[in-house]
Amino acid sequence: MTNEVMVDVQNLVKRYGSITAVNGVAFQVNKGEIFGLLGPNGAGKTTTIEMLVCLRKPDEGTAVLAGFDVRKQVNKVKEVIGVQLQSTSLFELLKVDEILHLYASFYPTHVNINELIEDMLLTEKRKDRIKGLSGGQKQRLAIALALIHDPDIVFLDEPTTGLDPQARRTLWDIVLHLKERGKTVILSTHYMDEAHVLCDRIGIMDQGELIALDTPTNLVKKLQSSSTVEFHLSNPPEEEWFMSMEGVDEVSIKDTFVQLYTDDLQVALTSLIQASEQHQFKIKDLQTRLATLEDVFIHMTGRSIRES
Ligand code: ATP
């Protein structure tokens with residue numbers, strides 16, 4: 001990764017009628033960086049990406065990719081970007097190598113197709129029709145198509161949505177390999193684990209706005225509470241009751257499931273055990289864990305990314 005800025009986004013705004021889908025988003029991405037846009041459905045990730053890849057015109061703001069302005073230099077921008085969108089539709093009756101040769105013919109120069117097929121782990125499938133491929137194989141083919149003209153900047157919109165865990169991990173390796181080859185990657189996801197594993201920096205989006213931007217580690221570190229204590233109680237008291245316990249910074253209760261956020265695990269656990277003895281609570285399935293990006297999202301919005 002270098003300090004050369006490949007993507008410079010300033011105050012992007014996009015409205016659909018009365019909905020402001022993207023509201024003043026700004027960020028920069030350096031060469032060789034994997035930058036993640038993380039947020040729930042409807043947060044504005046796709047609309048942001050669509051503006052950056054010249055599919056939608058921003059209502060306000062600017063974006064400059066590898067020195068080219070997405071409003072004024074569309075053809076230049078298209079030369080330096082590769083795009084895999086959520087709704088990439090592939091010609092189902094073509095074979096894997098046929099579609100790659102077809103796409104290659106659209107560009108003045110292209111990468112070596114056999115090497116690309118190998119890199120995307122599709123060698124055994126190269127003579128198969130697209131309609132017979134698995135979800136993961138289709139996604140890898142969609143990424144191969146995005147890479148055919150050897151772009152500097154690669155956009156991946158929710159690349160692993162709908163894939164099984166093994167196919168997701170295979171795709172993660174491929175994304176990390178892109179970084180090793182010096183590509184700049186911008187991806188959107190609503191999976192916290194994916195953002196944490198893949199991204200050098202993450203912009204958390206909610207309701208059209210970028211509400212946090214940092215490395216995954218720093219985002220978690222900035223949380224007041226570094227740990228979570230989770231357990232079930234058949235009849236939990238009100239949140240205020242737990243808040244009065246020493247060491248507890250925040251509380252979340254859903255039916256019988258209680259989560260206590262703390263920066264001092266030992267103190268919080270001791271208070272919890274004492275309280276359970278005094279009031280004869282029967283605590284079940286007690287677990288402690290370190291804070292995650294999910295907790296960052298809950299802390300900032302009061303909601304879970306999954307229930308948004
Ligand atoms: P998802 O994960 O579901 O793709 P997202 O974070 O990518 O979500 P967007 O698809 O960018 O979010 O949507 C942002 C907001 O803009 C949502 O409220 C959505 O309903 C709205 N929206 C998106 N596209 C359009 C459109 N073409 N016309 C009207 N509203 C739209």
# chains A, B, ... in the order shown; residues from 1 in each chain; ligands from 1
>>> residues_near_ligand(ligand="ligand 1", cutoff="6 Å", atoms="only C-alpha atoms and all ligand atoms", output="PyMOL selection string")
chain A and resi 16+21+40-47
>>> write_last_selection(atoms="N, CA, C and O atoms", output="mmCIF file, in the first residue's frame")
data_model
loop_
_atom_site.group_PDB
_atom_site.id
_atom_site.type_symbol
_atom_site.label_atom_id
_atom_site.label_comp_id
_atom_site.auth_asym_id
_atom_site.auth_seq_id
_atom_site.Cartn_x
_atom_site.Cartn_y
_atom_site.Cartn_z
ATOM 1 N N TYR A 16 -33.284 10.300 -4.478
ATOM 2 C CA TYR A 16 -34.326 9.698 -5.314
ATOM 3 C C TYR A 16 -35.640 10.294 -4.820
ATOM 4 O O TYR A 16 -36.135 9.868 -3.771
ATOM 5 N N ALA A 21 -30.548 9.107 -0.642
ATOM 6 C CA ALA A 21 -29.928 7.779 -0.504
ATOM 7 C C ALA A 21 -28.477 7.895 -0.044
ATOM 8 O O ALA A 21 -27.975 7.056 0.700
ATOM 9 N N PRO A 40 -26.081 -1.694 6.841
ATOM 10 C CA PRO A 40 -27.252 -2.547 6.626
ATOM 11 C C PRO A 40 -27.869 -2.328 5.254
ATOM 12 O O PRO A 40 -27.488 -1.389 4.542
ATOM 13 N N ASN A 41 -28.848 -3.134 4.892
ATOM 14 C CA ASN A 41 -29.565 -2.932 3.627
ATOM 15 C C ASN A 41 -30.155 -1.533 3.595
ATOM 16 O O ASN A 41 -30.706 -1.069 4.586
ATOM 17 N N GLY A 42 -30.007 -0.877 2.446
ATOM 18 C CA GLY A 42 -30.611 0.450 2.296
ATOM 19 C C GLY A 42 -29.753 1.581 2.831
ATOM 20 O O GLY A 42 -30.150 2.744 2.796
ATOM 21 N N ALA A 43 -28.530 1.274 3.308
ATOM 22 C CA ALA A 43 -27.676 2.320 3.899
ATOM 23 C C ALA A 43 -27.145 3.286 2.843
ATOM 24 O O ALA A 43 -26.728 4.395 3.173
ATOM 25 N N GLY A 44 -27.110 2.856 1.579
ATOM 26 C CA GLY A 44 -26.606 3.730 0.515
ATOM 27 C C GLY A 44 -25.293 3.267 -0.084
ATOM 28 O O GLY A 44 -24.663 3.987 -0.863
ATOM 29 N N LYS A 45 -24.899 2.028 0.211
ATOM 30 C CA LYS A 45 -23.614 1.511 -0.279
ATOM 31 C C LYS A 45 -23.632 1.364 -1.809
ATOM 32 O O LYS A 45 -22.729 1.822 -2.498
ATOM 33 N N THR A 46 -24.689 0.704 -2.299
ATOM 34 C CA THR A 46 -24.761 0.466 -3.748
ATOM 35 C C THR A 46 -24.840 1.786 -4.506
ATOM 36 O O THR A 46 -24.157 1.971 -5.523
ATOM 37 N N THR A 47 -25.651 2.712 -4.010
ATOM 38 C CA THR A 47 -25.779 3.998 -4.700
ATOM 39 C C THR A 47 -24.425 4.713 -4.729
ATOM 40 O O THR A 47 -24.045 5.296 -5.748
#
>>> residues_around(residues="Phe297 in chain A", least_positions_apart="2", cutoff="12 Å", atoms="only C-alpha atoms", output="ChimeraX atom specification")
/A:38-40,190-192,202-206,210-213,216,219-220,222-223,291-295,299-308
>>> closest_atom_pairs(of="range 143-214 of chain A", to="range 64-77 of chain A", cutoff="10 Å", atoms="only C-alpha atoms", output="CSV")
residue,atom,partner,partner_atom,distance
A:Pro151,CA,A:Val77,CA,9.9
A:Asp152,CA,A:Ala66,CA,8.1
A:Ile153,CA,A:Leu65,CA,8.1
>>> select_by_dssp(residues="range 117-153 of chain A", states="helix (DSSP H, G or I)", output="list in words")
Ile117, Glu118, Asp119, Thr123, Glu124, Lys125, Ile130, Lys131, Gly132, Gly135, Gly136, Gln137, Lys138, Gln139, Arg140, Leu141, Ala142, Ile143, Ala144, Leu145, Ala146 and Leu147 of chain A
>>> closest_residue(among="A:Val248, A:Ile186, A:Val53, A:Met120", to="Gln28 in chain A", atoms="only C-alpha atoms")
A:Ile186
>>> residues_around(residues="Leu269 in chain A", least_positions_apart="2", cutoff="10 Å", atoms="only C-alpha atoms", output="compact mmCIF listing (two decimals) with N, CA, C and O atoms, in the first residue's frame")
# COMPACT_ATOMS: atom_id res chain seq x y z
N VAL A 229 -20.42 -9.08 28.05
CA VAL A 229 -20.83 -10.25 28.83
C VAL A 229 -22.25 -10.57 28.39
O VAL A 229 -23.12 -9.71 28.41
N MET A 245 -24.98 -1.48 38.12
CA MET A 245 -23.90 -2.37 38.58
C MET A 245 -22.53 -1.80 38.23
O MET A 245 -22.35 -1.22 37.15
N GLU A 246 -21.59 -2.00 39.13
CA GLU A 246 -20.24 -1.47 38.91
C GLU A 246 -19.61 -2.11 37.66
O GLU A 246 -19.72 -3.34 37.47
N GLY A 247 -18.97 -1.30 36.84
CA GLY A 247 -18.25 -1.83 35.67
C GLY A 247 -19.08 -1.93 34.42
O GLY A 247 -18.56 -2.21 33.34
N VAL A 248 -20.39 -1.70 34.51
CA VAL A 248 -21.25 -1.85 33.32
C VAL A 248 -21.46 -0.49 32.65
O VAL A 248 -21.91 0.46 33.28
N LEU A 260 -24.17 -7.12 28.46
CA LEU A 260 -23.59 -6.02 29.24
C LEU A 260 -22.28 -5.62 28.58
O LEU A 260 -21.44 -6.48 28.27
N THR A 262 -18.71 -3.58 28.80
CA THR A 262 -17.84 -3.13 29.88
C THR A 262 -16.42 -2.89 29.39
O THR A 262 -15.98 -3.51 28.42
N ASP A 264 -14.15 -3.05 31.87
CA ASP A 264 -13.44 -3.77 32.93
C ASP A 264 -14.18 -5.07 33.21
O ASP A 264 -15.08 -5.15 34.06
N LEU A 265 -13.77 -6.08 32.46
CA LEU A 265 -14.50 -7.35 32.48
C LEU A 265 -14.56 -7.94 33.88
O LEU A 265 -15.59 -8.43 34.32
N GLN A 266 -13.43 -7.87 34.59
CA GLN A 266 -13.37 -8.50 35.90
C GLN A 266 -14.37 -7.86 36.86
O GLN A 266 -15.11 -8.55 37.57
N VAL A 267 -14.40 -6.52 36.87
CA VAL A 267 -15.31 -5.82 37.78
C VAL A 267 -16.76 -6.13 37.41
O VAL A 267 -17.59 -6.42 38.27
N SER A 271 -19.52 -8.01 39.79
CA SER A 271 -20.81 -7.41 40.19
C SER A 271 -21.96 -8.31 39.77
O SER A 271 -22.94 -8.45 40.48
N LEU A 272 -21.83 -8.90 38.60
CA LEU A 272 -22.93 -9.75 38.09
C LEU A 272 -23.12 -10.98 38.99
O LEU A 272 -24.24 -11.32 39.36
N ILE A 273 -21.99 -11.60 39.36
CA ILE A 273 -22.09 -12.81 40.20
C ILE A 273 -22.69 -12.44 41.57
O ILE A 273 -23.59 -13.12 42.08
N GLN A 274 -22.21 -11.31 42.14
CA GLN A 274 -22.75 -10.88 43.45
C GLN A 274 -24.25 -10.63 43.35
O GLN A 274 -25.04 -11.08 44.18
N ALA A 275 -24.66 -9.91 42.29
CA ALA A 275 -26.08 -9.59 42.11
C ALA A 275 -26.90 -10.86 41.93
O ALA A 275 -28.00 -10.99 42.48
N THR A 288 -18.34 -14.51 27.62
CA THR A 288 -17.74 -13.19 27.46
C THR A 288 -17.02 -13.18 26.11
O THR A 288 -16.55 -14.22 25.64
>>> residues_around(residues="range 84-95 of chain A", least_positions_apart="6", cutoff="7 Å", atoms="only C-alpha atoms", output="list in words")
Arg126, Lys127, Asp128, Arg129, Ile130, Lys131, Ala142, Ile143, Ala146, Phe155, Leu156, Asp157 and Glu158 of chain A
>>> closest_residue(among="A:Lys221, A:Arg140, A:Arg169, A:His149", to="Ile117 in chain A", atoms="only C-alpha atoms")
A:Arg140
>>> closest_residue(among="A:Leu100, A:Val29, A:Ile34, A:Leu55", to="Leu178 in chain A", atoms="only C-alpha atoms")
A:Ile34
>>> residues_around(residues="Glu118 in chain A", least_positions_apart="6", cutoff="12 Å", atoms="only C-alpha atoms", output="PyMOL selection string")
chain A and resi 96-97+112+124-126+140-141+144+174
>>> atom_distance(atom1="CA of Glu277 in chain A", atom2="CA of Thr228 in chain A")
20.6 Å
>>> select_by_dssp(residues="range 106-280 of chain A", states="strand (DSSP E or B)", output="ChimeraX atom specification")
/A:129,153-157,184-189,201-206,209-214,227-232,250-254,257-262
>>> atom_distance(atom1="CA of His110 in chain A", atom2="CA of Leu147 in chain A")
8.7 Å
>>> residues_around(residues="Tyr261 in chain A", least_positions_apart="2", cutoff="8 Å", atoms="only C-alpha atoms", output="list in words")
Ser225, Ser226, Ser227, Thr228, Val229, Val248, Asp249, Glu250, Val251, Gln259 and Asp263 of chain A
>>> write_last_selection(atoms="N, CA, C and O atoms", output="compact mmCIF listing (two decimals), in the first residue's frame")
# COMPACT_ATOMS: atom_id res chain seq x y z
N SER A 225 -16.34 0.43 25.52
CA SER A 225 -16.36 -0.88 26.16
C SER A 225 -15.65 -1.89 25.28
O SER A 225 -16.00 -2.06 24.12
N SER A 226 -14.65 -2.52 25.85
CA SER A 226 -13.85 -3.43 25.04
C SER A 226 -14.39 -4.86 25.07
O SER A 226 -13.98 -5.68 24.27
N SER A 227 -15.28 -5.16 26.05
CA SER A 227 -15.77 -6.54 26.17
C SER A 227 -17.28 -6.57 26.37
O SER A 227 -17.89 -5.59 26.78
N THR A 228 -17.82 -7.74 26.10
CA THR A 228 -19.26 -7.93 26.27
C THR A 228 -19.49 -9.18 27.12
O THR A 228 -18.80 -10.19 26.93
N VAL A 229 -20.42 -9.08 28.05
CA VAL A 229 -20.83 -10.25 28.83
C VAL A 229 -22.25 -10.57 28.39
O VAL A 229 -23.12 -9.71 28.41
N VAL A 248 -20.39 -1.70 34.51
CA VAL A 248 -21.25 -1.85 33.32
C VAL A 248 -21.46 -0.49 32.65
O VAL A 248 -21.91 0.46 33.28
N ASP A 249 -21.08 -0.41 31.34
CA ASP A 249 -21.21 0.87 30.62
C ASP A 249 -22.51 0.97 29.83
O ASP A 249 -23.07 2.03 29.65
N GLU A 250 -22.95 -0.18 29.27
CA GLU A 250 -24.15 -0.17 28.44
C GLU A 250 -24.84 -1.52 28.58
O GLU A 250 -24.19 -2.53 28.87
N VAL A 251 -26.15 -1.53 28.34
CA VAL A 251 -26.92 -2.77 28.49
C VAL A 251 -27.85 -2.91 27.30
O VAL A 251 -28.40 -1.92 26.81
N GLN A 259 -27.11 -8.44 27.26
CA GLN A 259 -25.72 -8.13 26.91
C GLN A 259 -25.26 -6.94 27.75
O GLN A 259 -25.94 -5.90 27.75
N ASP A 263 -15.73 -2.00 30.09
CA ASP A 263 -14.32 -1.81 29.80
C ASP A 263 -13.48 -2.50 30.87
O ASP A 263 -12.26 -2.48 30.81
>>> closest_residue(among="A:Ser188, A:Asn11, A:Asn3, A:Thr160", to="Asp59 in chain A", atoms="only C-alpha atoms")
A:Asn11
